[in-house]
Amino acid sequence: MSLSRLDGRTALVTGSSRGIGRATAECLAAHGADVVLNGLGPAEELDGLAAAIARRHGVRCIAVPADMASPEAVGGLLKAAYRAMGRLDVLVCNAGILGDGRLGMLPAAEVDRVLAVNVAGTLHAIQTGARLMQRGGGGSIVTLASIVGRRGNAGQALYAASKAALIGLTLSAAKELGPLGIRVNAVAPGFIDTDMTAHLDAGLRERWLRDIALGRFGSAEDVARTVLFLAGDLSAYVTGQVLGVDGGMAM
Amino acid sequence: MAMTLNDLIETFRSALSLPETVDVPALRYRAVPQWNSLGHMQLVAALESRFDVILETDDILDLGSFDKAVEILAKNHVALEA
Ligand SMILES: NC(=O)c1ccc[n+]([C@@H]2O[C@H](COP(=O)([O-])OP(=O)(O)OC[C@H]3O[C@@H](n4cnc5c(N)ncnc54)[C@H](OP(=O)(O)O)[C@@H]3O)[C@@H](O)[C@H]2O)c1
């Protein structure tokens with residue numbers, strides 16, 4: 001069987017109702033994985049998407065709505081996923097929100113929310129997910145960092161802080177979980193065309209584009225294929241890495 | 001199949017690689033070198049897998065003795081027969 005295949009494995013992708021998470025869920029399913037979708041809801045929409053993915057790729061796919069900002073909900077998500085699928089091999093911690101704003105203009109509630117979703121939610125998912133993976137003899141965890149978590153960006157101190165935190169979490173988890181057969185890596189996307197970047201005005205987009213060596217914005221599929229690589233056996237000896245998916249973006 | 005206290009003792013013994021001489025039901029966290037923080041996570045994984053439960057983080061932190069393990073399993077609907 002090709003090393004890129006994931007047949008017989010179960011993947012949970014947080015924040016997979018749209019954007020990069022959705023493309024990732026689709027890509028993993030296309031390579032044979034059973035997939036658990038997640039988002040804030042509504043449940044009917046997520047269920048519809050799960051049914052469509054299952055049909056398209058002949059895999060099992062279910063949806064479990066949960067707010068990654070709530071530790072209890074994250075615990076519930078992992079439990080529901082494991083109970084339904086009977087195993088967990090791949091965990092993609094993708095759910096994330098932007099918290100744009102200059103220093104001095106970041107309300108405390110916004111700071112709490114961004115850190116709760118992006119950092120604490122990921123940490124809780126990894127805590128429980130790693131134990132469930134251990135039962136199957138190992139697995140692969142992929143977190144969604146960002147180029148701004150490595151380079152910083154004016155007006156994105158909060159978001160960048162959350163993404164830098166994810167890198168520290170990823171590197172530490174790789175060391176701690178490696179002996180258990182669990183690999184942990186991060187992808188650090190640059191500018192990807194999704195809802196998250198759709199609000200930026202044309203002038204700003206034009207300026208960003210000039211800084212991208214490959215001369216185009218990334219697509220959700222560009223990131224999804226990199227996650228596929230990190231999820232499966234093609235990257236069997238890769239752990240504790242932060243892989244840029246940014247088209248050679250200068251920041 | 002009904003689980004027994006003996007199953008729990010065996011799970012402790014194999015997860016923590018304890019010799020037969022260790023009195024498992026009297027065991028407390030860090031009372032033997034094997035039950036350190038690393039061993040603790042191995043124990044939790046073994047308990048979860050053996051008794052088909054998924055423990056809350058608070059319970060994992062609370063799991064400081066054999067008796068506490070019995071209590072936490074009961075909370076998770078695993079009643080152990082003597
Ligand atoms: N787009 C980029 O240029 C870019 C660059 C670098 C890194 N990233 C990172 O890549 C990840 C995905 O980004 P994206 O562009 O695909 O974003 P997106 O289009 O805004 O989608 C975000 C996804 O996360 C989910 N989500 C948000 N808050 C959640 C919560 N509290 N609980 C559960 N799910 C939640 C959303 O679910 P709902 O539909 O229910 O809201 C949605 O599925 C994020 O971590 C982001 O920071 C993106």
# chains A, B, ... in the order shown; residues from 1 in each chain; ligands from 1
>>> residues_near_ligand(ligand="ligand 1", cutoff="7 Å", atoms="only C-alpha atoms and all ligand atoms", output="number ranges by chain")
A: 14-22, 38-41, 66-69, 94-98, 117-118, 144-147, 188-197, 220
>>> write_last_selection(atoms="N, CA, C and O atoms", output="compact mmCIF listing (two decimals), in the first residue's frame")
# COMPACT_ATOMS: atom_id res chain seq x y z
N THR A 14 -9.90 19.30 14.27
CA THR A 14 -10.70 20.33 14.94
C THR A 14 -10.88 21.51 13.99
O THR A 14 -10.02 21.80 13.15
N GLY A 15 -12.01 22.17 14.11
CA GLY A 15 -12.29 23.32 13.24
C GLY A 15 -12.32 22.93 11.77
O GLY A 15 -11.66 23.55 10.94
N SER A 16 -13.12 21.90 11.45
CA SER A 16 -13.11 21.41 10.06
C SER A 16 -14.41 21.70 9.32
O SER A 16 -14.72 21.05 8.33
N SER A 17 -15.15 22.70 9.78
CA SER A 17 -16.37 23.07 9.05
C SER A 17 -16.06 23.91 7.83
O SER A 17 -16.84 23.97 6.88
N ARG A 18 -14.90 24.59 7.84
CA ARG A 18 -14.55 25.51 6.74
C ARG A 18 -13.04 25.51 6.56
O ARG A 18 -12.30 24.95 7.37
N GLY A 19 -12.60 26.20 5.51
CA GLY A 19 -11.20 26.55 5.34
C GLY A 19 -10.21 25.39 5.34
O GLY A 19 -10.47 24.32 4.78
N ILE A 20 -9.08 25.63 6.01
CA ILE A 20 -7.98 24.66 6.01
C ILE A 20 -8.41 23.34 6.66
O ILE A 20 -8.08 22.26 6.17
N GLY A 21 -9.19 23.44 7.74
CA GLY A 21 -9.62 22.23 8.44
C GLY A 21 -10.50 21.36 7.56
O GLY A 21 -10.34 20.14 7.50
N ARG A 22 -11.40 22.01 6.85
CA ARG A 22 -12.30 21.26 5.97
C ARG A 22 -11.51 20.59 4.83
O ARG A 22 -11.73 19.42 4.51
N ASN A 38 -15.20 18.65 13.33
CA ASN A 38 -15.58 19.47 14.49
C ASN A 38 -15.70 20.93 14.07
O ASN A 38 -15.05 21.37 13.14
N GLY A 39 -16.53 21.63 14.77
CA GLY A 39 -16.71 23.06 14.60
C GLY A 39 -17.64 23.50 15.70
O GLY A 39 -18.01 22.71 16.57
N LEU A 40 -18.02 24.76 15.67
CA LEU A 40 -18.91 25.24 16.73
C LEU A 40 -20.36 24.79 16.48
O LEU A 40 -21.17 24.78 17.37
N GLY A 41 -20.67 24.44 15.29
CA GLY A 41 -22.03 24.04 14.94
C GLY A 41 -22.59 24.97 13.89
O GLY A 41 -21.82 25.78 13.36
N ALA A 66 -18.16 21.15 19.08
CA ALA A 66 -17.63 21.45 20.42
C ALA A 66 -16.84 22.74 20.34
O ALA A 66 -16.17 23.01 19.35
N ASP A 67 -16.95 23.52 21.41
CA ASP A 67 -16.19 24.78 21.49
C ASP A 67 -14.82 24.50 22.10
O ASP A 67 -14.71 24.13 23.27
N MET A 68 -13.79 24.69 21.30
CA MET A 68 -12.43 24.37 21.75
C MET A 68 -11.98 25.27 22.91
O MET A 68 -10.96 24.99 23.54
N ALA A 69 -12.74 26.32 23.19
CA ALA A 69 -12.37 27.19 24.31
C ALA A 69 -12.77 26.60 25.65
O ALA A 69 -12.36 27.09 26.70
N ASN A 94 -6.51 22.23 14.43
CA ASN A 94 -6.60 23.29 13.43
C ASN A 94 -7.48 24.46 13.86
O ASN A 94 -7.26 25.58 13.42
N ALA A 95 -8.47 24.21 14.73
CA ALA A 95 -9.40 25.27 15.10
C ALA A 95 -8.62 26.48 15.59
O ALA A 95 -7.72 26.35 16.43
N GLY A 96 -8.94 27.63 15.07
CA GLY A 96 -8.21 28.83 15.49
C GLY A 96 -8.96 30.07 15.09
O GLY A 96 -9.77 30.05 14.15
N ILE A 97 -8.74 31.14 15.85
CA ILE A 97 -9.37 32.41 15.51
C ILE A 97 -8.32 33.51 15.48
O ILE A 97 -7.27 33.40 16.11
N LEU A 98 -8.66 34.54 14.74
CA LEU A 98 -7.78 35.69 14.60
C LEU A 98 -8.13 36.67 15.72
O LEU A 98 -9.27 36.71 16.15
N VAL A 117 -9.00 29.46 22.76
CA VAL A 117 -9.27 28.62 21.57
C VAL A 117 -7.96 28.10 20.99
O VAL A 117 -7.78 26.90 20.81
N ASN A 118 -7.04 29.03 20.70
CA ASN A 118 -5.84 28.65 19.94
C ASN A 118 -4.85 27.83 20.77
O ASN A 118 -4.27 26.89 20.25
N LEU A 144 -1.64 23.70 13.95
CA LEU A 144 -1.64 24.77 12.95
C LEU A 144 -1.06 26.02 13.58
O LEU A 144 -1.76 26.75 14.28
N ALA A 145 0.23 26.24 13.35
CA ALA A 145 0.87 27.47 13.82
C ALA A 145 0.68 28.52 12.71
O ALA A 145 -0.33 28.48 12.00
N SER A 146 1.62 29.39 12.55
CA SER A 146 1.51 30.42 11.51
C SER A 146 2.86 31.08 11.33
O SER A 146 3.67 31.13 12.26
N ILE A 147 3.07 31.61 10.15
CA ILE A 147 4.32 32.35 9.89
C ILE A 147 4.47 33.50 10.89
O ILE A 147 5.57 33.83 11.30
N ALA A 188 3.24 25.83 9.54
CA ALA A 188 3.16 27.27 9.72
C ALA A 188 2.78 27.91 8.39
O ALA A 188 3.66 28.27 7.60
N PRO A 189 1.47 28.02 8.13
CA PRO A 189 1.03 28.60 6.86
C PRO A 189 1.38 30.08 6.78
O PRO A 189 1.49 30.76 7.80
N GLY A 190 1.53 30.55 5.54
CA GLY A 190 1.70 31.98 5.30
C GLY A 190 0.33 32.59 5.06
O GLY A 190 -0.54 32.50 5.93
N PHE A 191 0.13 33.16 3.89
CA PHE A 191 -1.15 33.78 3.55
C PHE A 191 -1.99 32.76 2.77
O PHE A 191 -1.66 32.43 1.64
N ILE A 192 -3.04 32.27 3.40
CA ILE A 192 -3.88 31.26 2.77
C ILE A 192 -5.27 31.85 2.52
O ILE A 192 -5.84 32.50 3.40
N ASP A 193 -5.78 31.63 1.32
CA ASP A 193 -7.10 32.16 0.96
C ASP A 193 -8.22 31.40 1.65
O ASP A 193 -8.61 30.33 1.20
N THR A 194 -8.72 31.93 2.76
CA THR A 194 -9.87 31.33 3.46
C THR A 194 -10.69 32.48 4.03
O THR A 194 -10.33 33.65 3.86
N ASP A 195 -11.76 32.14 4.76
CA ASP A 195 -12.57 33.18 5.41
C ASP A 195 -11.71 34.06 6.31
O ASP A 195 -12.00 35.25 6.50
N MET A 196 -10.65 33.46 6.88
CA MET A 196 -9.84 34.19 7.84
C MET A 196 -9.13 35.38 7.20
O MET A 196 -8.86 36.38 7.85
N THR A 197 -8.81 35.25 5.92
CA THR A 197 -8.08 36.33 5.24
C THR A 197 -8.98 37.11 4.28
O THR A 197 -8.54 38.09 3.67
N ALA A 220 -6.29 26.38 0.74
CA ALA A 220 -6.50 25.48 1.87
C ALA A 220 -5.94 24.09 1.52
O ALA A 220 -5.38 23.40 2.38
>>> closest_atom_pairs(of="chain A", to="chain B", cutoff="7 Å", atoms="only C-alpha atoms", output="Markdown table")
| residue | atom | partner | partner_atom | distance |
| --- | --- | --- | --- | --- |
| A:Lys79 | CA | B:Ile54 | CA | 6.8 |
| A:Arg131 | CA | B:Ala45 | CA | 5.9 |
| A:Arg135 | CA | B:Ser49 | CA | 6.4 |
>>> residues_around(residues="Phe12 of chain B", least_positions_apart="2", cutoff="12 Å", atoms="only C-alpha atoms", output="NGL selection string")
:B and (5-10 or 14-20 or 22-29 or 34-35 or 39-48 or 50 or 65-67 or 69-70)
>>> atom_distance(atom1="atom CA of Gly76 of chain A", atom2="atom CA of Leu80 of chain B")
24.7 Å
>>> atom_distance(atom1="atom CA of Leu200 of chain A", atom2="atom CA of Lys163 of chain A")
19.7 Å
>>> select_by_dssp(residues="chain B", states="alpha helix (DSSP H)", output="ChimeraX atom specification")
/B:5-15,37-51,57-62,66-75
>>> write_last_selection(atoms="C-alpha atoms", output="short mmCIF file (atom, residue, chain, number, x, y, z; two decimals), in the first residue's frame")
data_model
loop_
_atom_site.label_atom_id
_atom_site.label_comp_id
_atom_site.auth_asym_id
_atom_site.auth_seq_id
_atom_site.Cartn_x
_atom_site.Cartn_y
_atom_site.Cartn_z
CA LEU B 5 -10.18 -5.88 42.26
CA ASN B 6 -7.61 -8.39 41.12
CA ASP B 7 -7.80 -6.98 37.58
CA LEU B 8 -6.98 -3.57 39.01
CA ILE B 9 -4.08 -4.95 41.02
CA GLU B 10 -2.73 -6.66 37.91
CA THR B 11 -3.07 -3.46 35.88
CA PHE B 12 -1.09 -1.52 38.50
CA ARG B 13 1.53 -4.26 38.61
CA SER B 14 2.09 -4.47 34.87
CA ALA B 15 1.81 -0.73 34.13
CA SER B 37 5.13 11.22 37.05
CA LEU B 38 6.20 9.19 34.03
CA GLY B 39 4.88 5.97 35.53
CA HIS B 40 1.69 7.80 36.45
CA MET B 41 0.87 8.51 32.81
CA GLN B 42 1.62 4.89 31.92
CA LEU B 43 -0.69 3.80 34.71
CA VAL B 44 -3.46 6.12 33.50
CA ALA B 45 -3.13 4.84 29.94
CA ALA B 46 -3.23 1.25 31.18
CA LEU B 47 -6.28 1.87 33.39
CA GLU B 48 -8.12 3.61 30.57
CA SER B 49 -7.40 0.85 28.16
CA ARG B 50 -8.11 -2.06 30.54
CA PHE B 51 -11.36 -0.65 31.92
CA THR B 57 -7.66 15.62 34.00
CA ASP B 58 -8.81 16.35 37.58
CA ASP B 59 -9.20 12.64 38.25
CA ILE B 60 -5.76 11.94 36.83
CA LEU B 61 -4.30 14.48 39.24
CA ASP B 62 -6.35 13.01 42.11
CA PHE B 66 -4.93 2.37 44.83
CA ASP B 67 -8.10 3.17 46.80
CA LYS B 68 -8.53 6.40 44.89
CA ALA B 69 -8.29 4.44 41.65
CA VAL B 70 -11.16 2.22 42.82
CA GLU B 71 -13.18 5.35 43.61
CA ILE B 72 -12.44 7.03 40.27
CA LEU B 73 -13.33 3.89 38.33
CA ALA B 74 -16.62 3.67 40.26
CA LYS B 75 -17.34 7.27 39.26
#
>>> residues_around(residues="segment 233-250 of chain A", least_positions_apart="4", cutoff="9 Å", atoms="only C-alpha atoms", output="VMD selection string")
chain A and resid 3 to 6 140 145 to 147 167 170 to 175 178 182 to 192 208 to 218 222 to 223 226 228 to 229
>>> residues_around(residues="Gly139 of chain A", least_positions_apart="2", cutoff="8 Å", atoms="only C-alpha atoms", output="mmCIF file with N, CA and C atoms, in the first residue's frame")
data_model
loop_
_atom_site.group_PDB
_atom_site.id
_atom_site.type_symbol
_atom_site.label_atom_id
_atom_site.label_comp_id
_atom_site.auth_asym_id
_atom_site.auth_seq_id
_atom_site.Cartn_x
_atom_site.Cartn_y
_atom_site.Cartn_z
ATOM 1 N N LEU A 88 -7.912 6.279 17.674
ATOM 2 C CA LEU A 88 -7.492 7.616 17.245
ATOM 3 C C LEU A 88 -6.025 7.532 16.829
ATOM 4 N N ASP A 89 -5.759 7.881 15.578
ATOM 5 C CA ASP A 89 -4.395 7.782 15.046
ATOM 6 C C ASP A 89 -3.813 9.129 14.665
ATOM 7 N N VAL A 90 -4.687 10.040 14.248
ATOM 8 C CA VAL A 90 -4.222 11.343 13.777
ATOM 9 C C VAL A 90 -5.073 12.428 14.433
ATOM 10 N N MET A 133 -4.268 7.793 21.605
ATOM 11 C CA MET A 133 -3.376 7.286 20.553
ATOM 12 C C MET A 133 -2.480 6.187 21.093
ATOM 13 N N GLN A 134 -2.059 6.369 22.336
ATOM 14 C CA GLN A 134 -1.179 5.405 22.983
ATOM 15 C C GLN A 134 -1.810 4.018 22.974
ATOM 16 N N GLY A 136 -3.498 2.696 20.732
ATOM 17 C CA GLY A 136 -3.334 2.061 19.426
ATOM 18 C C GLY A 136 -1.869 1.903 19.063
ATOM 19 N N GLY A 137 -0.969 2.249 19.982
ATOM 20 C CA GLY A 137 0.456 2.057 19.732
ATOM 21 C C GLY A 137 1.161 3.267 19.154
ATOM 22 N N ILE A 141 0.330 13.886 15.609
ATOM 23 C CA ILE A 141 -0.403 15.102 15.961
ATOM 24 C C ILE A 141 0.158 16.238 15.121
ATOM 25 N N GLY A 181 5.681 6.671 20.735
ATOM 26 C CA GLY A 181 5.362 6.415 19.325
ATOM 27 C C GLY A 181 4.453 7.479 18.726
ATOM 28 N N ILE A 182 4.387 8.625 19.393
ATOM 29 C CA ILE A 182 3.526 9.701 18.882
ATOM 30 C C ILE A 182 4.407 10.831 18.359
ATOM 31 N N ARG A 183 4.248 11.150 17.073
ATOM 32 C CA ARG A 183 4.994 12.253 16.474
ATOM 33 C C ARG A 183 4.168 13.528 16.570
#
>>> atom_distance(atom1="atom CA of Tyr159 of chain A", atom2="atom CA of Val111 of chain A")
8.9 Å
>>> select_by_dssp(residues="chain B", states="strand (DSSP E or B)", output="list in words")
Thr4, Arg28, Ser65 and Glu81 of chain B
>>> write_last_selection(atoms="N, CA, C and O atoms", output="compact mmCIF listing (two decimals), in the first residue's frame")
# COMPACT_ATOMS: atom_id res chain seq x y z
N THR B 4 -12.74 -7.33 38.40
CA THR B 4 -12.51 -7.56 39.82
C THR B 4 -11.37 -6.67 40.33
O THR B 4 -10.61 -6.11 39.54
N ARG B 28 0.70 4.07 47.38
CA ARG B 28 0.40 5.49 47.20
C ARG B 28 1.39 6.06 46.18
O ARG B 28 2.47 5.53 45.98
N SER B 65 -3.63 7.03 44.96
CA SER B 65 -3.51 5.76 45.68
C SER B 65 -4.36 4.70 44.98
O SER B 65 -5.18 5.02 44.12
N GLU B 81 -15.65 -6.06 41.43
CA GLU B 81 -16.04 -7.09 42.41
C GLU B 81 -14.84 -7.52 43.20
O GLU B 81 -13.71 -7.48 42.70
>>> residues_around(residues="Ala30 of chain A", least_positions_apart="6", cutoff="10 Å", atoms="only C-alpha atoms", output="PyMOL selection string")
chain A and resi 5-7+24+53-54+56-59
>>> closest_residue(among="A:Ser2, A:Leu49, A:Glu44, A:Ala80", to="Gly32 of chain A", atoms="only C-alpha atoms")
A:Ser2
>>> closest_residue(among="A:Asp34, A:Glu221, A:Glu45, A:Asp112", to="Ala84 of chain A", atoms="only C-alpha atoms")
A:Asp34
